$ cat final26.cif   # mmCIF, C-alpha atoms and all ligand atoms
data_my_file
#
loop_
_atom_site.label_atom_id
_atom_site.label_comp_id
_atom_site.auth_asym_id
_atom_site.auth_seq_id
_atom_site.Cartn_x
_atom_site.Cartn_y
_atom_site.Cartn_z
CA MET D 1 0.00 0.00 0.00
CA ARG D 2 1.26 3.51 -0.82
CA THR D 3 1.95 5.97 1.97
CA SER D 4 -0.50 8.87 1.78
CA PHE D 5 -0.28 12.38 3.16
CA ASP D 6 -2.46 15.48 3.09
CA ALA D 7 0.43 17.51 1.65
CA ILE D 8 3.83 16.67 0.18
CA ILE D 9 6.47 19.42 0.18
CA ILE D 10 9.49 19.15 -2.12
CA GLY D 11 12.55 20.82 -0.52
CA ALA D 12 13.55 21.48 3.10
CA GLY D 13 14.95 25.00 2.93
CA ILE D 14 13.34 27.78 4.95
CA HIS D 15 10.30 27.80 2.65
CA GLY D 16 9.66 24.05 2.83
CA CYS D 17 10.15 24.03 6.61
CA SER D 18 8.11 27.18 7.30
CA LEU D 19 5.24 25.90 5.15
CA ALA D 20 5.45 22.45 6.77
CA MET D 21 5.13 24.08 10.19
CA HIS D 22 2.21 26.30 9.18
CA LEU D 23 0.34 23.37 7.58
CA ALA D 24 1.13 20.93 10.40
CA VAL D 25 -0.26 23.28 13.08
CA ARG D 26 -3.45 23.32 10.98
CA GLN D 27 -3.66 19.53 11.50
CA LEU D 28 -2.56 18.47 8.00
CA LYS D 29 -0.51 15.28 7.69
CA VAL D 30 2.62 16.69 6.04
CA ALA D 31 5.68 15.04 4.44
CA VAL D 32 8.79 16.99 3.40
CA PHE D 33 11.19 15.39 0.91
CA GLU D 34 14.73 16.77 0.73
CA GLN D 35 17.37 15.54 -1.71
CA THR D 36 20.17 16.30 0.79
CA TYR D 37 19.34 17.50 4.32
CA PRO D 38 17.40 20.49 5.71
CA ALA D 39 19.18 23.86 5.32
CA ARG D 40 21.90 22.35 3.08
CA HIS D 41 21.47 24.99 0.38
CA ALA D 42 20.67 28.74 0.26
CA SER D 43 18.55 28.72 3.41
CA GLY D 44 21.40 27.49 5.59
CA VAL D 45 24.31 29.45 4.12
CA ASN D 46 22.86 32.89 3.41
CA ALA D 47 23.76 36.23 4.98
CA GLY D 48 20.88 36.12 7.45
CA SER D 49 19.77 39.69 6.73
CA VAL D 50 16.18 40.40 7.65
CA HIS D 51 15.31 43.55 5.74
CA HIS D 52 12.87 44.49 3.01
CA ILE D 53 13.95 45.24 -0.56
CA PRO D 54 12.58 48.77 -1.00
CA ARG D 55 12.48 48.83 -4.80
CA LEU D 56 10.01 45.92 -5.03
CA THR D 57 6.69 47.54 -4.15
CA ALA D 58 4.69 44.36 -4.93
CA GLU D 59 6.63 42.66 -2.13
CA LEU D 60 6.02 45.33 0.53
CA PRO D 61 2.77 43.90 2.01
CA LEU D 62 4.56 40.56 2.51
CA ALA D 63 7.61 42.42 3.86
CA GLU D 64 5.45 44.23 6.41
CA LEU D 65 3.91 40.95 7.59
CA THR D 66 7.23 39.09 7.70
CA LEU D 67 8.94 41.81 9.77
CA LYS D 68 6.11 41.59 12.33
CA MET D 69 6.55 37.81 12.39
CA TRP D 70 10.32 38.13 12.89
CA HIS D 71 9.69 40.43 15.86
CA GLY D 72 7.73 37.57 17.45
CA ILE D 73 9.83 34.70 16.04
CA LYS D 74 10.82 33.33 19.45
CA ASP D 75 7.16 32.87 20.43
CA LEU D 76 6.31 31.52 16.97
CA LEU D 77 9.03 28.86 17.40
CA ASP D 78 7.88 27.96 20.95
CA GLY D 79 10.74 29.75 22.74
CA TYR D 80 13.55 28.62 20.40
CA ASP D 81 16.22 31.28 19.78
CA CYS D 82 17.08 31.39 16.07
CA GLY D 83 19.48 34.28 16.66
CA TYR D 84 17.12 37.01 15.46
CA ARG D 85 18.33 40.43 16.60
CA GLN D 86 16.46 43.59 15.66
CA VAL D 87 19.52 45.82 15.19
CA GLY D 88 18.14 47.80 12.23
CA HIS D 89 19.33 48.07 8.63
CA LEU D 90 21.40 51.02 7.45
CA LYS D 91 21.63 51.94 3.76
CA ILE D 92 24.52 54.32 3.10
CA ALA D 93 25.13 56.95 0.41
CA GLU D 94 28.75 57.62 -0.53
CA ALA D 95 28.09 60.38 -3.09
CA ASP D 96 25.84 63.46 -3.19
CA GLU D 97 23.97 62.19 -6.24
CA ASP D 98 22.92 59.02 -4.32
CA ILE D 99 21.04 60.92 -1.62
CA GLU D 100 18.00 62.10 -3.56
CA PRO D 101 17.22 58.66 -5.18
CA MET D 102 17.78 56.99 -1.80
CA HIS D 103 15.24 59.32 -0.17
CA ARG D 104 12.76 58.79 -3.00
CA ILE D 105 12.93 55.00 -2.54
CA ALA D 106 12.41 55.36 1.23
CA GLU D 107 9.41 57.63 0.66
CA GLY D 108 8.00 55.01 -1.74
CA VAL D 109 8.23 52.39 1.02
CA GLU D 110 6.39 54.65 3.47
CA ARG D 111 3.68 55.35 0.86
CA HIS D 112 2.99 51.63 0.33
CA CYS D 113 3.19 50.25 3.88
CA SER D 114 3.86 51.09 7.52
CA ILE D 115 7.57 50.12 7.57
CA LYS D 116 9.49 53.06 9.04
CA GLU D 117 12.53 54.60 7.33
CA VAL D 118 14.58 57.25 9.15
CA HIS D 119 16.64 59.72 7.10
CA LEU D 120 20.11 60.29 8.55
CA ASP D 121 22.40 63.22 7.79
CA ARG D 122 26.16 62.86 8.08
CA GLN D 123 26.23 63.69 11.78
CA SER D 124 23.52 61.22 12.78
CA LEU D 125 25.09 58.58 10.51
CA PHE D 126 28.38 58.74 12.43
CA ARG D 127 26.55 58.84 15.75
CA LEU D 128 24.97 55.49 14.80
CA GLU D 129 28.10 53.92 13.27
CA PRO D 130 31.20 55.83 14.50
CA GLU D 131 33.69 53.55 12.68
CA LEU D 132 32.33 54.33 9.20
CA ALA D 133 34.76 55.82 6.66
CA ARG D 134 34.51 59.59 6.29
CA ASN D 135 33.42 59.31 2.63
CA CYS D 136 29.98 58.12 3.82
CA ILE D 137 27.69 61.12 3.74
CA ALA D 138 24.09 60.11 4.53
CA GLY D 139 21.90 57.12 5.22
CA ILE D 140 18.45 55.61 5.57
CA PHE D 141 17.91 53.60 8.75
CA SER D 142 15.18 50.94 8.97
CA PRO D 143 14.85 50.20 12.70
CA GLU D 144 12.44 47.28 12.26
CA CYS D 145 15.01 45.13 10.43
CA GLY D 146 17.89 42.97 11.67
CA TYR D 147 19.51 39.58 11.18
CA ALA D 148 19.14 35.95 12.26
CA GLN D 149 21.20 32.75 12.14
CA PRO D 150 20.10 31.07 8.88
CA ALA D 151 20.58 27.36 9.64
CA ARG D 152 19.25 27.72 13.20
CA THR D 153 16.14 29.40 11.82
CA VAL D 154 15.43 26.59 9.36
CA HIS D 155 15.87 24.02 12.12
CA GLY D 156 13.54 26.01 14.38
CA PHE D 157 10.76 25.70 11.79
CA ARG D 158 11.62 22.05 11.05
CA ALA D 159 11.56 21.11 14.73
CA LYS D 160 8.17 22.75 15.34
CA ALA D 161 6.78 21.11 12.19
CA GLU D 162 7.97 17.74 13.53
CA ARG D 163 6.44 18.41 16.94
CA HIS D 164 3.13 18.83 15.09
CA GLY D 165 3.54 15.56 13.22
CA ALA D 166 5.28 16.53 9.97
CA GLN D 167 7.62 13.83 8.63
CA PHE D 168 10.96 14.68 7.01
CA PHE D 169 12.58 12.36 4.46
CA ASN D 170 16.23 13.33 3.97
CA SER D 171 18.47 12.12 1.10
CA SER D 172 15.20 11.62 -0.79
CA ARG D 173 15.19 13.28 -4.17
CA ILE D 174 11.80 13.56 -5.84
CA THR D 175 12.20 12.47 -9.44
CA ASN D 176 8.67 13.03 -10.73
CA ALA D 177 5.13 13.96 -9.78
CA ARG D 178 1.99 13.18 -11.76
CA ARG D 179 -1.68 13.61 -11.08
CA ARG D 180 -4.13 10.70 -11.07
CA GLY D 181 -7.60 12.13 -10.57
CA ARG D 182 -7.53 14.20 -7.37
CA VAL D 183 -4.32 12.65 -6.06
CA TRP D 184 -0.68 13.36 -6.91
CA GLU D 185 1.78 10.46 -7.12
CA VAL D 186 5.21 11.66 -6.10
CA SER D 187 8.21 9.40 -6.80
CA THR D 188 11.66 8.95 -5.34
CA ALA D 189 14.11 6.44 -6.84
CA LYS D 190 12.66 3.75 -4.53
CA ASP D 191 9.07 4.62 -3.58
CA VAL D 192 5.89 6.37 -4.62
CA PHE D 193 3.94 8.56 -2.17
CA GLU D 194 0.50 10.15 -2.56
CA ALA D 195 -1.17 13.41 -1.58
CA PRO D 196 -3.87 15.71 -2.97
CA ILE D 197 -1.53 18.68 -2.41
CA VAL D 198 2.07 18.99 -3.66
CA VAL D 199 4.17 22.09 -3.02
CA ASN D 200 7.30 22.98 -4.97
CA CYS D 201 9.74 24.49 -2.44
CA ALA D 202 12.76 23.38 -4.46
CA GLY D 203 14.61 26.72 -4.51
CA ALA D 204 16.94 27.11 -7.50
CA TRP D 205 15.82 23.64 -8.67
CA GLY D 206 12.17 24.76 -8.81
CA GLU D 207 12.01 25.20 -12.59
CA GLN D 208 12.26 21.45 -13.17
CA VAL D 209 9.71 20.67 -10.45
CA ALA D 210 7.31 23.27 -11.89
CA GLY D 211 7.57 21.48 -15.24
CA TRP D 212 5.88 18.39 -13.73
CA ALA D 213 2.71 20.51 -13.50
CA GLY D 214 3.24 21.91 -17.00
CA ASP D 215 4.24 25.33 -15.57
CA LYS D 216 7.00 26.97 -17.59
CA VAL D 217 9.35 29.60 -16.25
CA THR D 218 13.09 30.17 -16.60
CA VAL D 219 14.91 30.29 -13.27
CA ARG D 220 18.51 31.50 -13.32
CA PRO D 221 20.69 29.73 -10.75
CA VAL D 222 23.46 31.88 -9.26
CA ALA D 223 26.13 31.13 -6.64
CA LEU D 224 26.19 34.08 -4.23
CA MET D 225 29.45 34.42 -2.30
CA MET D 226 30.08 35.33 1.34
CA THR D 227 33.14 35.77 3.58
CA VAL D 228 33.46 35.64 7.36
CA LEU D 229 36.16 37.39 9.39
CA ALA D 230 37.44 36.08 12.73
CA PRO D 231 35.88 37.64 15.87
CA MET D 232 36.84 41.29 16.39
CA ARG D 233 35.95 43.85 19.04
CA PRO D 234 32.52 45.42 18.36
CA VAL D 235 32.94 47.64 15.28
CA MET D 236 29.36 48.02 13.99
CA SER D 237 25.91 47.66 15.43
CA THR D 238 23.56 47.53 12.42
CA VAL D 239 23.18 45.52 9.20
CA ILE D 240 24.81 47.67 6.54
CA GLY D 241 24.31 48.06 2.78
CA LEU D 242 25.42 50.61 0.20
CA THR D 243 23.25 52.43 -2.33
CA ARG D 244 25.78 52.38 -5.17
CA ARG D 245 28.00 49.32 -4.68
CA MET D 246 27.25 45.68 -3.93
CA LEU D 247 28.03 45.27 -0.25
CA SER D 248 26.33 43.92 2.83
CA ILE D 249 28.10 43.71 6.22
CA LYS D 250 27.05 42.74 9.69
CA GLN D 251 28.76 41.77 12.93
CA PHE D 252 27.27 38.92 14.93
CA GLU D 253 27.21 38.82 18.73
CA ASN D 254 30.27 36.54 18.82
CA GLY D 255 32.29 39.27 17.04
CA THR D 256 32.52 37.61 13.62
CA VAL D 257 31.90 39.92 10.66
CA VAL D 258 30.04 38.53 7.64
CA ILE D 259 30.56 40.22 4.28
CA GLY D 260 28.50 39.68 1.12
CA GLY D 261 26.42 41.74 -1.25
CA GLY D 262 25.80 39.71 -4.38
CA TYR D 263 29.15 38.82 -5.97
CA ARG D 264 28.83 35.50 -7.79
CA GLY D 265 30.79 32.30 -8.23
CA THR D 266 29.69 29.40 -10.44
CA PRO D 267 26.93 26.92 -9.52
CA GLU D 268 26.78 23.25 -10.54
CA MET D 269 23.16 22.20 -10.32
CA GLU D 270 23.66 18.44 -10.66
CA THR D 271 26.03 18.12 -7.70
CA GLY D 272 24.89 21.20 -5.77
CA HIS D 273 28.53 22.32 -5.53
CA THR D 274 29.84 25.80 -6.30
CA THR D 275 33.17 27.33 -7.35
CA LEU D 276 34.32 30.62 -5.81
CA ASN D 277 35.54 33.54 -7.91
CA TYR D 278 38.48 34.90 -5.90
CA SER D 279 38.96 38.12 -7.85
CA LYS D 280 35.33 39.09 -7.21
CA LEU D 281 35.74 38.17 -3.55
CA GLY D 282 38.68 40.59 -3.59
CA TYR D 283 36.41 43.47 -4.81
CA ASN D 284 33.91 42.56 -2.12
CA LEU D 285 36.49 42.69 0.68
CA ARG D 286 38.04 45.89 -0.67
CA ALA D 287 34.62 47.60 -0.69
CA ALA D 288 34.09 46.45 2.90
CA THR D 289 37.39 47.98 4.06
CA GLU D 290 36.64 51.20 2.16
CA VAL D 291 33.42 51.61 4.14
CA PHE D 292 34.78 50.24 7.45
CA PRO D 293 38.58 50.84 7.45
CA VAL D 294 38.93 48.89 10.71
CA LEU D 295 38.04 45.70 8.81
CA ALA D 296 41.47 45.83 7.13
CA GLN D 297 42.77 44.44 10.44
CA GLY D 298 40.34 41.51 10.19
CA GLN D 299 41.37 37.96 9.43
CA VAL D 300 39.48 36.00 6.77
CA VAL D 301 38.34 32.66 8.19
CA ARG D 302 36.39 31.31 5.25
CA SER D 303 34.56 32.19 2.04
CA TRP D 304 31.68 30.16 0.62
CA SER D 305 28.81 30.39 -1.80
CA GLY D 306 25.26 29.10 -1.96
CA ILE D 307 22.93 28.46 -4.87
CA GLU D 308 20.00 30.84 -5.28
CA GLY D 309 17.31 30.85 -8.00
CA LEU D 310 16.39 34.14 -9.70
CA SER D 311 12.98 34.55 -11.33
CA PRO D 312 12.77 36.61 -14.55
CA ASP D 313 11.38 39.68 -12.69
CA MET D 314 13.22 39.12 -9.36
CA LEU D 315 9.94 38.54 -7.50
CA SER D 316 9.32 35.20 -5.79
CA ILE D 317 7.07 32.61 -7.44
CA ILE D 318 4.36 31.74 -4.91
CA GLY D 319 0.85 30.35 -5.32
CA PRO D 320 -1.11 27.83 -7.39
CA SER D 321 0.05 26.09 -10.54
CA ALA D 322 -1.28 27.77 -13.68
CA ASN D 323 -2.18 24.33 -15.06
CA GLU D 324 -2.88 21.71 -12.43
CA GLU D 325 -5.13 21.51 -9.40
CA GLY D 326 -3.45 20.65 -6.12
CA PHE D 327 0.03 21.74 -7.26
CA TRP D 328 1.51 24.83 -5.59
CA HIS D 329 4.75 26.79 -5.78
CA SER D 330 7.07 28.70 -3.45
CA PHE D 331 10.47 28.99 -5.13
CA ALA D 332 12.93 31.30 -6.94
CA HIS D 333 12.91 33.72 -4.04
CA SER D 334 15.48 35.80 -5.91
CA THR D 335 17.82 36.82 -3.03
CA HIS D 336 15.05 37.77 -0.56
CA GLY D 337 13.85 34.34 0.49
CA PHE D 338 15.36 34.17 3.94
CA TYR D 339 13.63 37.22 5.38
CA LEU D 340 10.35 36.32 3.61
CA GLY D 341 10.35 32.73 4.91
CA PRO D 342 8.12 33.11 7.99
CA ALA D 343 5.37 35.08 6.17
CA VAL D 344 5.38 33.14 2.91
CA GLY D 345 4.93 29.84 4.78
CA ARG D 346 2.01 31.29 6.71
CA VAL D 347 0.23 33.00 3.80
CA LEU D 348 0.65 30.01 1.49
CA ALA D 349 -0.68 27.66 4.19
CA GLU D 350 -3.68 29.96 4.72
CA THR D 351 -4.33 29.98 0.96
CA ILE D 352 -3.95 26.20 0.56
CA VAL D 353 -6.39 25.35 3.37
CA GLY D 354 -8.92 27.96 2.22
CA GLU D 355 -8.50 30.53 5.00
CA THR D 356 -8.46 34.23 4.09
CA PRO D 357 -4.76 34.95 3.51
CA ALA D 358 -3.21 37.83 5.45
CA VAL D 359 -1.70 39.11 2.16
CA SER D 360 -2.73 38.49 -1.45
CA LEU D 361 -0.32 36.24 -3.33
CA THR D 362 -1.66 37.22 -6.77
CA PRO D 363 1.41 39.32 -7.77
CA PHE D 364 3.57 36.23 -7.16
CA HIS D 365 1.59 33.65 -9.17
CA ILE D 366 3.55 31.68 -11.77
CA ALA D 367 0.81 32.48 -14.30
CA ARG D 368 2.40 35.93 -14.76
CA PHE D 369 5.12 34.29 -16.86
CA MET D 370 2.76 32.31 -19.09
CA SER D 371 0.70 33.74 -21.91
CA SER D 372 -2.88 32.39 -22.03
CA GLY D 373 -1.85 30.17 -24.96
CA SER D 374 0.92 28.38 -23.07
CA ALA D 375 -0.79 27.95 -19.70
C1 LIG V 401 25.00 33.46 -0.09
C2 LIG V 401 23.56 33.88 -0.02
C3 LIG V 401 23.21 35.00 0.74
C4 LIG V 401 21.86 35.36 0.86
N1 LIG V 401 21.52 36.35 1.73
C5 LIG V 401 20.21 36.59 2.00
C6 LIG V 401 19.84 37.50 3.02
O1 LIG V 401 20.69 38.07 3.70
N2 LIG V 401 18.51 37.73 3.24
C7 LIG V 401 17.53 37.10 2.50
O2 LIG V 401 16.34 37.35 2.71
N3 LIG V 401 17.86 36.19 1.55
C8 LIG V 401 19.17 35.92 1.29
N4 LIG V 401 19.52 35.00 0.35
C9 LIG V 401 18.45 34.30 -0.38
C10 LIG V 401 17.84 33.20 0.48
O3 LIG V 401 18.85 32.45 1.12
C11 LIG V 401 16.98 32.28 -0.40
O4 LIG V 401 16.07 33.06 -1.15
C12 LIG V 401 16.18 31.30 0.44
O5 LIG V 401 17.00 30.64 1.36
C13 LIG V 401 15.48 30.30 -0.48
O6 LIG V 401 14.88 29.33 0.32
P1 LIG V 401 14.22 28.06 -0.33
O7 LIG V 401 13.69 27.25 0.79
O8 LIG V 401 13.29 28.51 -1.40
O9 LIG V 401 15.42 27.35 -1.12
P2 LIG V 401 16.65 26.38 -0.63
O10 LIG V 401 17.21 26.82 0.66
O11 LIG V 401 17.55 26.31 -1.80
O12 LIG V 401 15.90 25.03 -0.41
C14 LIG V 401 15.41 24.27 -1.49
C15 LIG V 401 15.69 22.82 -1.16
O13 LIG V 401 15.04 22.00 -2.12
C16 LIG V 401 15.82 20.84 -2.29
N5 LIG V 401 15.41 20.20 -3.55
C17 LIG V 401 15.50 20.71 -4.80
N6 LIG V 401 15.01 19.84 -5.70
C18 LIG V 401 14.59 18.76 -5.00
C19 LIG V 401 13.99 17.52 -5.37
N7 LIG V 401 13.72 17.23 -6.65
N8 LIG V 401 13.70 16.63 -4.40
C20 LIG V 401 13.97 16.90 -3.08
N9 LIG V 401 14.55 18.05 -2.69
C21 LIG V 401 14.84 18.99 -3.63
C22 LIG V 401 17.24 21.38 -2.30
O14 LIG V 401 18.18 20.37 -1.98
C23 LIG V 401 17.16 22.47 -1.24
O15 LIG V 401 17.60 22.01 0.02
C24 LIG V 401 20.86 34.64 0.16
C25 LIG V 401 21.22 33.54 -0.63
C26 LIG V 401 22.55 33.15 -0.71
C27 LIG V 401 22.91 31.94 -1.54
#

$ encode --input "final26.cif" --output "structure tokens" --more "lines below"
Ligand SMILES: Cc1cc2nc3c(=O)[nH]c(=O)nc-3n(C[C@H](O)[C@H](O)[C@H](O)COP(=O)(O)OP(=O)(O)OC[C@H]3O[C@@H](n4cnc5c(N)ncnc54)[C@H](O)[C@@H]3O)c2cc1C
Amino acid sequence: MRTSFDAIIIGAGIHGCSLAMHLAVRQLKVAVFEQTYPARHASGVNAGSVHHIPRLTAELPLAELTLKMWHGIKDLLDGYDCGYRQVGHLKIAEADEDIEPMHRIAEGVERHCSIKEVHLDRQSLFRLEPELARNCIAGIFSPECGYAQPARTVHGFRAKAERHGAQFFNSSRITNARRRGRVWEVSTAKDVFEAPIVVNCAGAWGEQVAGWAGDKVTVRPVALMMTVLAPMRPVMSTVIGLTRRMLSIKQFENGTVVIGGGYRGTPEMETGHTTLNYSKLGYNLRAATEVFPVLAQGQVVRSWSGIEGLSPDMLSIIGPSANEEGFWHSFAHSTHGFYLGPAVGRVLAETIVGETPAVSLTPFHIARFMSSGSA
């Protein structure tokens, strides 16, 4: 006899685990299949920044909800500390001509939602971050943002999902899914499982999984690189980004400094391995020391990269299949998936079980990429 579930989730990153938790607390019998182990890919190796992406207005209602959920994440995860710290996010202008566009973007955020953005002149910028280089001239501070420990967060969701009965199958790659009447048959190399609901949480591998429901979209896999410096005395208090250059820096409570910002290595999708690009890592570290000169005294411990999937318009793909009943998506989170994880899991679970979702997922539906002829 085949093993049956109410919902089968493909992928145990933050999206698979958050959704599993939100469905399991609603009494669904949930199975999560992961080709490696939970948090192995982007969700476990990302920069951990929890801040909204101001230029994506369609994402702001979800951003608003997710920030509220992060503020209460310890309660949501039954007292588990996933390392979330609300230290604020600081976006910095290094040139006069960056100030006006930076302010316009911040005003756009405030027009579309209730997330607060505080404009900082040079003096208040240095009051907040005294070790900044003197070429930094202004900033926008988002006090509701912060950072968390990526792998710990995924395991917090996984553990709560398991406490509510969800089953995790590791080293279990799903090789196909096909619908027979109202039920989906989902196959691994060894077994076939059944459920009326299948959810594609396969991250950068989501394009192939979407194809099993006849949904066509091109997802670009990229290998985003990060570097960590050995523990230093406290040198910064906020999560920092630049308006003009690719850079993101934060210092964790143990003194380590994590540097990223979007420089890319090379992904290998079959093996899940990546190759670093050392000259680009060099630009990344140079930019960091130009903004925080004290980091030149830091010692590099390790650089790594993780595989992320980019959708054609850089918005996540979330919601129902355009073709098949019972097939759902939450993938290609396009560099914002970690901070969105808590809210996307909740809103998708609400939608799947027929509750009124806290936020409309319509702007994220995969159907936006398919003309009526191809869907
Ligand atoms: C270096 C780096 C830094 C980043 N920094 C940030 C940040 O600071 N803030 C932020 O918000 N976002 C950040 N991101 C983006 C964020 O990490 C991702 O958007 C998010 O983790 C995606 O989560 P996911 O669950 O969709 O995908 P993943 O974490 O990739 O999980 C998908 C899982 O599906 C599994 N899978 C795939 N196919 C199958 C199959 N057929 N069968 C079984 N399992 C399968 C994979 O093995 C994988 O474990 C960063 C990403 C990277 C790589």

$ closest_residue --input "final26.cif" --among "D:Leu65, D:Val154, D:Val217, D:Ala148" --to "Trp205 of chain D" --atoms "only C-alpha atoms"
D:Val217

$ closest_residue --input "final26.cif" --among "D:Phe364, D:Tyr80, D:Tyr37, D:Phe193" --to "Arg152 of chain D" --atoms "only C-alpha atoms"
D:Tyr80

$ residues_around --input "final26.cif" --residues "Pro320 of chain D" --least-positions-apart "2" --cutoff "12 Å" --atoms "all atoms listed in the file" --output "PDB file with C-alpha atoms, in the frame of the given file"
ATOM      1  CA  ILE D 197      -1.530  18.680  -2.410  1.00  0.00           C
ATOM      2  CA  VAL D 198       2.070  18.990  -3.660  1.00  0.00           C
ATOM      3  CA  VAL D 199       4.170  22.090  -3.020  1.00  0.00           C
ATOM      4  CA  ASN D 200       7.300  22.980  -4.970  1.00  0.00           C
ATOM      5  CA  ALA D 210       7.310  23.270 -11.890  1.00  0.00           C
ATOM      6  CA  ALA D 213       2.710  20.510 -13.500  1.00  0.00           C
ATOM      7  CA  ASP D 215       4.240  25.330 -15.570  1.00  0.00           C
ATOM      8  CA  ILE D 317       7.070  32.610  -7.440  1.00  0.00           C
ATOM      9  CA  ILE D 318       4.360  31.740  -4.910  1.00  0.00           C
ATOM     10  CA  ALA D 322      -1.280  27.770 -13.680  1.00  0.00           C
ATOM     11  CA  ASN D 323      -2.180  24.330 -15.060  1.00  0.00           C
ATOM     12  CA  GLU D 324      -2.880  21.710 -12.430  1.00  0.00           C
ATOM     13  CA  GLU D 325      -5.130  21.510  -9.400  1.00  0.00           C
ATOM     14  CA  GLY D 326      -3.450  20.650  -6.120  1.00  0.00           C
ATOM     15  CA  PHE D 327       0.030  21.740  -7.260  1.00  0.00           C
ATOM     16  CA  TRP D 328       1.510  24.830  -5.590  1.00  0.00           C
ATOM     17  CA  HIS D 329       4.750  26.790  -5.780  1.00  0.00           C
ATOM     18  CA  SER D 330       7.070  28.700  -3.450  1.00  0.00           C
ATOM     19  CA  PHE D 331      10.470  28.990  -5.130  1.00  0.00           C
ATOM     20  CA  LEU D 348       0.650  30.010   1.490  1.00  0.00           C
ATOM     21  CA  ALA D 349      -0.680  27.660   4.190  1.00  0.00           C
ATOM     22  CA  THR D 351      -4.330  29.980   0.960  1.00  0.00           C
ATOM     23  CA  ILE D 352      -3.950  26.200   0.560  1.00  0.00           C
ATOM     24  CA  LEU D 361      -0.320  36.240  -3.330  1.00  0.00           C
ATOM     25  CA  THR D 362      -1.660  37.220  -6.770  1.00  0.00           C
ATOM     26  CA  PRO D 363       1.410  39.320  -7.770  1.00  0.00           C
ATOM     27  CA  PHE D 364       3.570  36.230  -7.160  1.00  0.00           C
ATOM     28  CA  HIS D 365       1.590  33.650  -9.170  1.00  0.00           C
ATOM     29  CA  ILE D 366       3.550  31.680 -11.770  1.00  0.00           C
ATOM     30  CA  ALA D 367       0.810  32.480 -14.300  1.00  0.00           C
ATOM     31  CA  ARG D 368       2.400  35.930 -14.760  1.00  0.00           C
TER      32      ARG D 368
END

$ residues_near_ligand --input "final26.cif" --ligand "ligand LIG 401 (chain V)" --cutoff "7 Å" --atoms "only C-alpha atoms and all ligand atoms" --output "number ranges by chain"
D: 10-16, 33-51, 172-175, 201-206, 209, 223-226, 305-308, 330-340

$ atom_distance --input "final26.cif" --atom1 "atom CA of Ser316 of chain D" --atom2 "atom CA of Ala93 of chain D"
27.6 Å

$ residues_around --input "final26.cif" --residues "His52 of chain D" --least-positions-apart "4" --cutoff "9 Å" --atoms "only C-alpha atoms" --output "ChimeraX atom specification"
/D:56,59-60,63-64,67,115,145,336,339-340

$ write_last_selection --input "final26.cif" --atoms "C-alpha atoms" --output "PDB file, in the frame of the given file"
ATOM      1  CA  LEU D  56      10.010  45.920  -5.030  1.00  0.00           C
ATOM      2  CA  GLU D  59       6.630  42.660  -2.130  1.00  0.00           C
ATOM      3  CA  LEU D  60       6.020  45.330   0.530  1.00  0.00           C
ATOM      4  CA  ALA D  63       7.610  42.420   3.860  1.00  0.00           C
ATOM      5  CA  GLU D  64       5.450  44.230   6.410  1.00  0.00           C
ATOM      6  CA  LEU D  67       8.940  41.810   9.770  1.00  0.00           C
ATOM      7  CA  ILE D 115       7.570  50.120   7.570  1.00  0.00           C
ATOM      8  CA  CYS D 145      15.010  45.130  10.430  1.00  0.00           C
ATOM      9  CA  HIS D 336      15.050  37.770  -0.560  1.00  0.00           C
ATOM     10  CA  TYR D 339      13.630  37.220   5.380  1.00  0.00           C
ATOM     11  CA  LEU D 340      10.350  36.320   3.610  1.00  0.00           C
TER      12      LEU D 340
END

$ atom_distance --input "final26.cif" --atom1 "atom CA of Ala343 of chain D" --atom2 "atom CA of Val219 of chain D"
22.2 Å

$ atom_distance --input "final26.cif" --atom1 "atom CA of Gly298 of chain D" --atom2 "atom CA of Ile249 of chain D"
13.1 Å

$ closest_atom_pairs --input "final26.cif" --of "segment 136-164 of chain D" --to "segment 96-113 of chain D" --cutoff "8 Å" --atoms "only C-alpha atoms" --output "tab-separated table"
residue	atom	partner	partner_atom	distance
D:Ile137	CA	D:Asp96	CA	7.5
D:Ala138	CA	D:Ile99	CA	6.9
D:Gly139	CA	D:Ile99	CA	7.9
D:Ile140	CA	D:Ala106	CA	7.4

$ closest_atom_pairs --input "final26.cif" --of "segment 109-165 of chain D" --to "segment 283-295 of chain D" --cutoff "7 Å" --atoms "all atoms listed in the file" --output "JSON lines"
{"residue": "D:Glu131", "atom": "CA", "partner": "D:Phe292", "partner_atom": "CA", "distance": 6.3}
{"residue": "D:Leu132", "atom": "CA", "partner": "D:Phe292", "partner_atom": "CA", "distance": 5.1}
{"residue": "D:Ala133", "atom": "CA", "partner": "D:Val291", "partner_atom": "CA", "distance": 5.1}

$ write_last_selection --input "final26.cif" --atoms "C-alpha atoms" --output "CSV table (one decimal), keeping the file's coordinate frame"
chain,number,residue,atom,x,y,z
D,131,GLU,CA,33.7,53.6,12.7
D,132,LEU,CA,32.3,54.3,9.2
D,133,ALA,CA,34.8,55.8,6.7

$ residues_around --input "final26.cif" --residues "Leu76 of chain D" --least-positions-apart "4" --cutoff "10 Å" --atoms "all atoms listed in the file" --output "tab-separated table (two decimals) with C-alpha atoms, in the coordinates of the input"
chain	number	residue	atom	x	y	z
D	69	MET	CA	6.55	37.81	12.39
D	70	TRP	CA	10.32	38.13	12.89
D	71	HIS	CA	9.69	40.43	15.86
D	72	GLY	CA	7.73	37.57	17.45
D	80	TYR	CA	13.55	28.62	20.40
D	156	GLY	CA	13.54	26.01	14.38
D	157	PHE	CA	10.76	25.70	11.79
D	160	LYS	CA	8.17	22.75	15.34
D	342	PRO	CA	8.12	33.11	7.99

$ residues_around --input "final26.cif" --residues "Leu128 of chain D" --least-positions-apart "5" --cutoff "9 Å" --atoms "all atoms listed in the file" --output "ChimeraX atom specification"
/D:123,236-238
